[in-house]
$ cat run.tsv   # TSV, C-alpha atoms
chain	number	residue	atom	x	y	z
A	1	MET	CA	0.00	0.00	0.00
A	2	ASP	CA	1.45	3.40	-0.93
A	3	GLU	CA	1.65	6.32	1.44
A	4	ARG	CA	-1.29	8.15	-0.04
A	5	ALA	CA	-3.56	5.15	0.46
A	6	GLN	CA	-2.22	4.78	4.00
A	7	ALA	CA	-2.92	8.45	4.67
A	8	GLU	CA	-6.45	8.15	3.30
A	9	ASN	CA	-7.10	5.07	5.40
A	10	PHE	CA	-5.74	6.90	8.44
A	11	LEU	CA	-8.15	9.78	7.80
A	12	ARG	CA	-10.97	7.24	7.72
A	13	GLY	CA	-9.94	6.14	11.21
A	14	ASP	CA	-7.68	3.17	10.45
A	15	GLN	CA	-5.21	2.94	13.32
A	16	SER	CA	-2.80	0.50	11.67
A	17	SER	CA	-2.32	2.88	8.72
A	18	PHE	CA	-1.37	5.65	11.10
A	19	VAL	CA	1.06	3.39	12.95
A	20	MET	CA	2.77	2.50	9.65
A	21	LEU	CA	3.11	6.17	8.69
A	22	HIS	CA	4.39	7.07	12.13
A	23	ARG	CA	6.99	4.28	12.12
A	24	ALA	CA	8.13	5.21	8.61
A	25	HIS	CA	8.65	8.91	9.28
A	26	SER	CA	8.98	9.54	12.99
A	27	PRO	CA	12.65	8.43	13.39
A	28	ALA	CA	13.77	10.93	10.70
A	29	LEU	CA	11.44	13.61	12.03
A	30	TYR	CA	12.71	13.02	15.54
A	31	ALA	CA	16.36	13.32	14.45
A	32	PHE	CA	15.54	16.49	12.53
A	33	ILE	CA	13.53	18.07	15.34
A	34	THR	CA	16.17	17.18	17.93
A	35	ARG	CA	18.90	18.91	15.88
A	36	LEU	CA	16.75	21.90	15.11
A	37	LEU	CA	15.80	22.43	18.74
A	38	GLY	CA	19.45	22.33	19.78
A	39	ARG	CA	19.66	22.82	23.46
A	40	HIS	CA	15.87	22.64	23.74
A	41	ARG	CA	16.01	19.06	22.62
A	42	GLU	CA	14.05	17.93	25.67
A	43	GLU	CA	11.01	19.38	23.86
A	44	ALA	CA	11.59	17.10	20.88
A	45	ALA	CA	9.12	14.33	21.80
A	46	ASP	CA	6.31	16.80	22.50
A	47	ALA	CA	7.17	18.67	19.30
A	48	LEU	CA	6.99	15.45	17.29
A	49	GLN	CA	3.60	14.63	18.76
A	50	GLU	CA	2.38	18.12	17.87
A	51	VAL	CA	3.70	17.68	14.32
A	52	TRP	CA	1.60	14.56	13.86
A	53	LEU	CA	-1.51	16.17	15.33
A	54	ARG	CA	-1.13	19.15	12.98
A	55	ALA	CA	-0.49	16.76	10.10
A	56	ALA	CA	-3.70	14.85	10.92
A	57	ARG	CA	-5.61	18.14	11.01
A	58	ASP	CA	-4.20	19.42	7.71
A	59	LEU	CA	-3.86	16.14	5.81
A	60	PRO	CA	-7.26	16.48	4.07
A	61	ARG	CA	-5.94	19.69	2.46
A	62	PHE	CA	-2.52	18.25	1.52
A	63	ARG	CA	-2.35	18.18	-2.29
A	64	TRP	CA	0.47	15.64	-2.62
A	65	GLN	CA	2.55	17.97	-4.77
A	66	SER	CA	5.54	17.12	-2.57
A	67	SER	CA	6.41	13.94	-0.74
A	68	LEU	CA	4.67	13.33	2.55
A	69	ARG	CA	8.03	13.46	4.33
A	70	THR	CA	8.88	16.89	2.89
A	71	TRP	CA	5.48	18.15	3.99
A	72	LEU	CA	5.97	16.72	7.50
A	73	PHE	CA	9.40	18.33	7.70
A	74	GLY	CA	7.79	21.66	6.85
A	75	ILE	CA	5.36	21.25	9.74
A	76	ALA	CA	8.30	20.30	11.98
A	77	VAL	CA	10.21	23.44	10.98
A	78	ASN	CA	7.28	25.63	12.00
A	79	ARG	CA	6.84	23.84	15.33
A	80	CYS	CA	10.57	24.12	16.13
A	81	ARG	CA	10.57	27.82	15.28
A	82	GLU	CA	7.66	28.37	17.66
A	83	ILE	CA	9.49	26.57	20.47
A	84	VAL	CA	12.79	28.40	19.88
A	85	ARG	CA	11.06	31.78	19.57
A	86	LEU	CA	9.17	31.21	22.79
A	87	ALA	CA	12.39	30.19	24.55
A	88	SER	CA	14.14	33.24	23.08
A	89	ARG	CA	11.46	35.57	24.45
A	90	MET	CA	11.97	33.94	27.82
A	91	ASN	CA	15.75	34.49	27.47
A	92	VAL	CA	16.52	30.84	27.77
A	93	GLY	CA	17.03	29.89	24.18
A	94	ASP	CA	18.57	30.51	20.80
A	95	ASP	CA	18.68	33.78	19.03
A	96	LEU	CA	17.10	33.45	15.62
A	97	ASP	CA	19.35	35.97	13.90
A	98	GLU	CA	22.74	35.61	15.48
A	99	ALA	CA	24.98	33.39	13.37
A	100	VAL	CA	26.42	31.57	16.36
A	101	ASP	CA	25.23	30.73	19.80
A	102	PRO	CA	27.25	33.01	22.09
A	103	LEU	CA	28.11	30.21	24.50
A	104	PRO	CA	31.69	28.96	24.17
A	105	LEU	CA	32.22	25.64	22.53
A	106	ALA	CA	33.14	22.94	25.01
A	107	THR	CA	36.48	21.20	24.55
A	108	ARG	CA	34.76	17.85	23.92
A	109	VAL	CA	32.59	19.33	21.26
A	110	ASP	CA	31.83	17.25	18.21
A	111	LEU	CA	30.13	17.96	14.94
A	112	GLU	CA	26.68	17.67	16.48
A	113	ARG	CA	27.53	20.23	19.11
A	114	ALA	CA	28.92	22.52	16.43
A	115	ILE	CA	25.67	22.23	14.49
A	116	GLU	CA	23.76	22.89	17.66
A	117	ARG	CA	25.64	26.17	18.06
A	118	LEU	CA	24.50	27.49	14.70
A	119	SER	CA	21.60	29.89	14.71
A	120	LEU	CA	18.25	28.33	13.89
A	121	ARG	CA	18.19	30.07	10.50
A	122	TYR	CA	21.44	28.40	9.41
A	123	ARG	CA	20.80	25.16	11.27
A	124	GLU	CA	17.52	24.63	9.40
A	125	VAL	CA	19.13	24.85	5.97
A	126	LEU	CA	22.24	22.90	6.90
A	127	VAL	CA	20.37	20.01	8.52
A	128	LEU	CA	17.72	19.83	5.79
A	129	HIS	CA	20.26	19.93	2.96
A	130	ASP	CA	23.41	18.25	4.20
A	131	ILE	CA	21.92	15.63	6.51
A	132	HIS	CA	18.39	14.96	5.26
A	133	GLN	CA	19.33	15.56	1.60
A	134	HIS	CA	16.49	17.89	0.70
A	135	THR	CA	16.88	20.04	-2.40
A	136	HIS	CA	16.99	23.81	-2.25
A	137	GLY	CA	13.60	23.85	-3.95
A	138	GLU	CA	12.09	21.70	-1.21
A	139	ILE	CA	13.84	23.67	1.52
A	140	ALA	CA	12.62	26.94	0.03
A	141	ALA	CA	9.04	25.64	0.05
A	142	MET	CA	9.35	24.38	3.63
A	143	LEU	CA	10.91	27.52	5.03
A	144	GLY	CA	9.03	30.04	2.93
A	145	ILE	CA	12.17	31.52	1.36
A	146	ASP	CA	13.67	31.73	-2.15
A	147	PRO	CA	15.86	28.86	-3.34
A	148	GLY	CA	18.62	31.48	-3.72
A	149	THR	CA	18.30	32.40	-0.05
A	150	SER	CA	18.45	28.71	0.83
A	151	LYS	CA	21.73	28.39	-1.10
A	152	SER	CA	23.29	31.49	0.44
A	153	ASN	CA	22.20	30.47	3.95
A	154	LEU	CA	23.72	27.03	3.41
A	155	SER	CA	26.95	28.55	2.23
A	156	ARG	CA	27.08	30.81	5.28
A	157	ALA	CA	26.13	27.94	7.61
A	158	ARG	CA	28.96	25.79	6.27
A	159	ALA	CA	31.42	28.67	6.67
A	160	VAL	CA	30.39	29.25	10.28
A	161	LEU	CA	30.57	25.53	10.96
A	162	ARG	CA	34.09	25.44	9.54
A	163	GLU	CA	35.10	28.32	11.80
A	164	LEU	CA	33.64	26.61	14.85
A	165	LEU	CA	35.43	23.37	14.09
A	166	ALA	CA	38.68	25.22	13.33
A	167	ASP	CA	38.45	27.09	16.64
A	168	HIS	CA	37.78	23.79	18.36
A	169	GLY	CA	40.81	22.22	16.64
A	170	ALA	CA	43.00	25.21	17.54
A	171	SER	CA	41.92	25.10	21.16
A	172	HIS	CA	42.67	21.41	21.24
A	173	GLY	CA	45.98	21.93	19.53
A	174	ALA	CA	46.95	24.72	21.92
B	1	MET	CA	38.02	21.61	4.62
B	2	GLU	CA	34.30	21.16	4.17
B	3	PRO	CA	32.74	19.38	7.18
B	4	ASP	CA	31.24	16.08	6.12
B	5	LEU	CA	27.75	15.73	7.57
B	6	THR	CA	26.69	12.76	5.49
B	7	ASN	CA	27.78	10.32	8.16
B	8	LEU	CA	25.60	11.89	10.82
B	9	PRO	CA	22.51	9.77	11.61
B	10	ARG	CA	19.41	10.82	9.72
B	11	GLU	CA	17.19	8.91	12.06
B	12	LEU	CA	16.86	8.73	15.80
B	13	ALA	CA	15.00	6.13	17.83
B	14	VAL	CA	11.83	7.72	19.13
B	15	PRO	CA	11.02	7.41	22.84
B	16	ALA	CA	9.30	4.13	23.66
B	17	ASP	CA	6.11	5.73	24.95
B	18	LEU	CA	5.71	8.14	22.03
B	19	GLU	CA	3.64	5.81	19.87
B	20	ARG	CA	1.25	5.06	22.73
B	21	ASN	CA	0.91	8.77	23.55
B	22	LEU	CA	0.38	9.60	19.89
B	23	LEU	CA	-2.36	7.01	19.52
B	24	ARG	CA	-4.03	8.32	22.65
B	25	ALA	CA	-3.86	11.88	21.31
B	26	MET	CA	-5.18	10.79	17.91
B	27	ARG	CA	-8.12	9.08	19.59
B	28	ARG	CA	-8.88	12.23	21.55
B	29	HIS	CA	-8.29	14.89	18.90
B	30	GLY	CA	-7.50	13.23	15.58
B	31	PRO	CA	-9.07	11.02	12.94
B	32	LEU	CA	-8.87	7.99	15.23
B	33	ARG	CA	-11.59	9.50	17.39
B	34	ARG	CA	-13.92	6.70	18.39
B	35	PRO	CA	-17.50	7.03	17.19
B	36	LEU	CA	-19.83	8.17	19.91
B	37	VAL	CA	-21.72	4.87	20.22
B	38	LEU	CA	-23.33	5.40	23.61
B	39	PRO	CA	-24.69	8.91	22.88
B	40	ALA	CA	-26.00	7.67	19.54
B	41	ILE	CA	-27.83	4.77	21.19
B	42	THR	CA	-29.21	7.08	23.88
B	43	ALA	CA	-30.40	9.53	21.24
B	44	ALA	CA	-32.07	6.71	19.31
B	45	ILE	CA	-33.88	5.50	22.45
B	46	VAL	CA	-35.06	9.03	23.26
B	47	ILE	CA	-36.33	9.51	19.71
B	48	LEU	CA	-38.13	6.15	19.75
B	49	ALA	CA	-39.70	6.88	23.14
B	50	ALA	CA	-40.83	10.34	22.00
B	51	SER	CA	-42.26	8.83	18.81
B	52	ALA	CA	-44.16	6.21	20.80
B	53	LEU	CA	-45.57	8.89	23.12
B	54	TRP	CA	-46.61	10.99	20.16
B	55	TRP	CA	-48.19	7.99	18.45
B	56	ASN	CA	-50.24	7.13	21.50
B	57	ALA	CA	-51.17	10.73	22.25
B	58	ARG	CA	-51.99	11.77	18.68
B	59	PRO	CA	-55.58	12.76	18.02
B	60	ARG	CA	-57.33	9.85	16.37
B	61	HIS	CA	-60.55	9.85	14.43
B	62	VAL	CA	-62.76	7.14	15.80
B	63	GLU	CA	-65.95	6.49	13.91
B	64	PRO	CA	-69.00	6.47	16.12
B	65	ARG	CA	-70.60	3.15	16.82
B	66	TYR	CA	-74.30	2.41	16.55
B	67	MET	CA	-76.54	-0.38	17.70
B	68	LEU	CA	-79.17	-1.61	15.31
B	69	LEU	CA	-81.83	-3.10	17.56
B	70	LEU	CA	-83.89	-5.62	15.63
B	71	TYR	CA	-87.45	-5.97	16.88
B	72	ASP	CA	-89.52	-8.92	15.83
B	73	THR	CA	-93.04	-8.45	14.68
B	74	ALA	CA	-96.07	-10.72	14.36
B	75	THR	CA	-94.89	-11.83	10.95
B	76	LEU	CA	-91.32	-12.44	11.97
B	77	ALA	CA	-90.28	-15.07	14.45
B	78	PRO	CA	-86.89	-15.28	16.14
B	79	GLY	CA	-84.33	-17.09	13.98
B	80	ASP	CA	-86.06	-16.45	10.67
B	81	HIS	CA	-83.75	-15.64	7.81
B	82	ALA	CA	-80.68	-16.05	10.00
B	83	ALA	CA	-78.52	-17.07	7.02
B	84	GLU	CA	-79.62	-14.01	5.04
B	85	TYR	CA	-78.81	-11.74	8.00
B	86	ALA	CA	-75.38	-13.31	8.27
B	87	ARG	CA	-74.77	-12.80	4.55
B	88	TRP	CA	-75.78	-9.13	4.87
B	89	ALA	CA	-73.35	-8.76	7.77
B	90	ARG	CA	-70.57	-10.29	5.70
B	91	GLU	CA	-71.32	-8.01	2.76
B	92	HIS	CA	-70.97	-4.99	5.09
B	93	HIS	CA	-68.08	-6.31	7.12
B	94	GLY	CA	-66.33	-2.94	6.90
B	95	SER	CA	-69.14	-1.41	8.93
B	96	VAL	CA	-70.70	-4.28	10.83
B	97	ALA	CA	-68.58	-5.09	13.84
B	98	GLY	CA	-70.76	-7.82	15.21
B	99	GLY	CA	-74.27	-9.01	15.79
B	100	GLU	CA	-76.19	-11.75	17.46
B	101	GLU	CA	-79.63	-13.14	17.69
B	102	LEU	CA	-81.20	-12.79	21.11
B	103	GLY	CA	-83.08	-15.60	22.84
B	104	THR	CA	-86.19	-15.35	24.95
B	105	ARG	CA	-86.37	-12.75	27.69
B	106	VAL	CA	-84.81	-14.03	30.91
B	107	ALA	CA	-85.90	-11.26	33.25
B	108	THR	CA	-86.99	-7.68	33.29
B	109	LEU	CA	-85.61	-5.46	35.98
B	110	GLY	CA	-87.55	-2.29	36.48
B	111	ARG	CA	-90.19	-0.93	34.12
B	112	THR	CA	-89.98	-1.30	30.33
B	113	ARG	CA	-92.11	-0.19	27.42
B	114	GLU	CA	-94.53	-2.68	25.95
B	115	GLY	CA	-93.85	-3.55	22.37
B	116	GLU	CA	-92.32	-6.05	20.01
B	117	PRO	CA	-89.70	-8.34	21.42
B	118	LEU	CA	-86.08	-7.56	20.73
B	119	GLY	CA	-84.91	-10.40	18.51
B	120	GLY	CA	-81.32	-9.44	17.81
B	121	TYR	CA	-78.84	-6.68	17.23
B	122	PHE	CA	-76.01	-5.56	15.02
B	123	LEU	CA	-73.09	-3.44	16.16
B	124	ILE	CA	-71.94	-1.15	13.35
B	125	GLN	CA	-69.56	1.72	12.72
B	126	ALA	CA	-70.55	4.68	10.56
B	127	ARG	CA	-69.23	8.17	9.89
B	128	ASP	CA	-72.43	9.76	11.16
B	129	ASP	CA	-76.13	9.16	11.86
B	130	ALA	CA	-77.13	9.43	8.20
B	131	GLU	CA	-74.70	6.73	7.17
B	132	ALA	CA	-75.85	4.51	10.04
B	133	ASN	CA	-79.49	4.98	9.01
B	134	ALA	CA	-78.68	4.28	5.37
B	135	LEU	CA	-76.95	1.06	6.35
B	136	ALA	CA	-79.81	0.05	8.60
B	137	ARG	CA	-82.25	0.41	5.69
B	138	THR	CA	-80.34	-2.20	3.76
B	139	CYS	CA	-80.69	-4.74	6.57
B	140	PRO	CA	-82.97	-7.64	5.48
B	141	HIS	CA	-84.84	-7.33	8.81
B	142	VAL	CA	-86.74	-4.38	7.35
B	143	LYS	CA	-87.60	-6.24	4.17
B	144	HIS	CA	-89.05	-9.06	6.22
B	145	GLY	CA	-91.34	-6.77	8.19
B	146	GLY	CA	-89.22	-6.30	11.27
B	147	ALA	CA	-88.49	-3.00	12.96
B	148	ILE	CA	-85.06	-1.57	13.56
B	149	VAL	CA	-84.19	1.04	16.12
B	150	VAL	CA	-80.83	2.72	15.49
B	151	ARG	CA	-79.13	3.90	18.69
B	152	ARG	CA	-75.82	5.65	18.83
B	153	ILE	CA	-73.46	4.19	21.42
B	154	VAL	CA	-72.18	6.83	23.81
B	155	PRO	CA	-68.40	6.63	23.78
B	156	ASN	CA	-66.70	5.76	27.02
B	157	PRO	CA	-64.77	8.91	28.06
B	158	GLY	CA	-61.85	6.72	29.12
B	159	SER	CA	-61.47	5.04	25.75

$ encode --input "run.tsv" --output "structure tokens"
Amino acid sequence: MDERAQAENFLRGDQSSFVMLHRAHSPALYAFITRLLGRHREEAADALQEVWLRAARDLPRFRWQSSLRTWLFGIAVNRCREIVRLASRMNVGDDLDEAVDPLPLATRVDLERAIERLSLRYREVLVLHDIHQHTHGEIAAMLGIDPGTSKSNLSRARAVLRELLADHGASHGA
Amino acid sequence: MEPDLTNLPRELAVPADLERNLLRAMRRHGPLRRPLVLPAITAAIVILAASALWWNARPRHVEPRYMLLLYDTATLAPGDHAAEYARWAREHHGSVAGGEELGTRVATLGRTREGEPLGGYFLIQARDDAEANALARTCPHVKHGGAIVVRRIVPNPGS
């Protein structure tokens, strides 16, 4: 059974179809949400649940012009932005516009920690493109930006990541 | 050197209780909401009960009932033409609810008018007095010289 049929069965109340969709997409969504939330990763499980509830609400209007996973990732982006913005207003979270989290990188930092230190704007593009292999066209549709902006943000994100890793290497070498 | 992110995991094991929580949430708020069986059954019972009450309480048109009292005369003895009377009753079965021949008088309690003996009766239904009278005129008792008194039965207020 293809995903569209599963989704239609789910909308008709078929529990097993929903379980199949959830098991097919939730591990990737969970990895994506966890990276996007960065230090707010403890919200990831709740965020994933909210993503599925919103998906169930909006699924009847989904036109299947993209893959279901791309559409779910778009919902996840919006939910993560809400969480990070709320945390930012409460002064406990990321800044959406700063390129780099102002906290110093720990000496045992790894690539994941370096990604975590990127601002949400850069982290979104980097994770979607370089880890989850979405195209700039898909990323642009998910994030509501131009494909050109997606490319330039990715370029900037990679540059900042290089700097972070170089600083980390220098501090280790020192 | 460009950082290589392709080796980073694209999937992460979801918490063990997430699926159970998701199913619970979908049953409460999503498409897996259970149909409201109990309220539907309750509503059906209420509707049926209300319908039954309405059916019993609805105004009904009940045709008045009449008694055709058949008096014998000197030319007509009890039991004469019984088969013909029965045939007439069958022909008017939509109106004639019943009828019987009466035997000899057993007793008289109180005072009664002198006259021909009551030989039988028919119980009929008619829309009104005129229809009852018209039906009575077709009864063979008249043709054979008997007398018929048509009396309207007073409905029981409790019925």

$ interface_residues --input "run.tsv" --of "chain A" --to "chain B" --cutoff "6 Å" --atoms "all atoms listed in the file" --output "JSON, numbers by chain"
{"A": [11, 13, 27, 28, 30, 31, 131]}

$ atom_distance --input "run.tsv" --atom1 "atom CA of Glu163 of chain A" --atom2 "atom CA of Thr149 of chain A"
21.0 Å

$ atom_distance --input "run.tsv" --atom1 "atom CA of Glu124 of chain A" --atom2 "atom CA of Leu36 of chain A"
6.4 Å

$ closest_residue --input "run.tsv" --among "A:Ala114, A:Leu72, A:Ala7, A:Leu126" --to "Arg156 of chain A" --atoms "only C-alpha atoms"
A:Leu126

$ atom_distance --input "run.tsv" --atom1 "atom CA of Val125 of chain A" --atom2 "atom CA of Ala157 of chain A"
7.8 Å

$ residues_near_point --input "run.tsv" --point "(-80.4, 6.3, 19.2)" --cutoff "10 Å" --atoms "all atoms listed in the file" --output "PyMOL selection string"
chain B and resi 66-69+129+149-154
